Amino acid sequence: MNTVMITFIPKIIFGMQLIGTMYMLYLSYQIYRMDTSESSTDNKTGTLLSGFFMQFLNPKVVLFTITVIPSFVLPNYTDAPAVTISVIVITIIGFFAFITWVLFGTVFKHFLQKHKKIVNVIMALGLVYATIMIWI
């Protein structure tokens with residue numbers, strides 16, 4: 001399986017870079033032109049259920065899990081209690097990362113809302129920079 005991946009991925013990497021570049025530039029344009037006027041105050045809040053499902057569909061969580069367990073847990077521990085404890089610890093780490101994200105969001109919410117246009121321009125430029133770094 002690894003040899004198939006080694007031969008297949010280099011052949012598609014240019015296409016992946018091209019698609020990723022176009023998507024990132026599209027996102028940066030959307031962020032730049034995002035309406036920051038006070039008239040658009042549609043307060044669309046998520047529900048607990050939508051947040052719960054979104055957390056399980058979050059690609060960062062999935063990638064974190066499928067990277068950590070086979071790379072760090074399974075080579076060192078194979079018995080069920082040790083693996084179970086490791087999964088619980090990884091879950092707790094993920095929970096604290098989520099809580100940290102929420103706390104920082106709460107702290108910076110007022111600042112970000114006060115300076116929407118400047119923040120959007122900086123975020124768009126950062127995304128353009130990340131797009132350029134794909135090719136360097």
# chains A, B, ... in the order shown; residues from 1 in each chain; ligands from 1
>>> select_by_dssp(residues="chain A", states="alpha helix (DSSP H)", output="PyMOL selection string")
chain A and resi 2-32+48-57+59-68+80-114+116-135
>>> residues_around(residues="Gly20 (chain A)", least_positions_apart="3", cutoff="12 Å", atoms="only C-alpha atoms", output="NGL selection string")
:A and (13-17 or 23-27 or 127-128 or 130-135)
>>> atom_distance(atom1="CA of Val119 (chain A)", atom2="CA of Thr100 (chain A)")
20.7 Å
>>> atom_distance(atom1="CA of Gly105 (chain A)", atom2="CA of Leu49 (chain A)")
20.1 Å
>>> closest_residue(among="A:Ala80, A:Ile136, A:Ile31, A:Ile93", to="Lys116 (chain A)", atoms="only C-alpha atoms")
A:Ile31
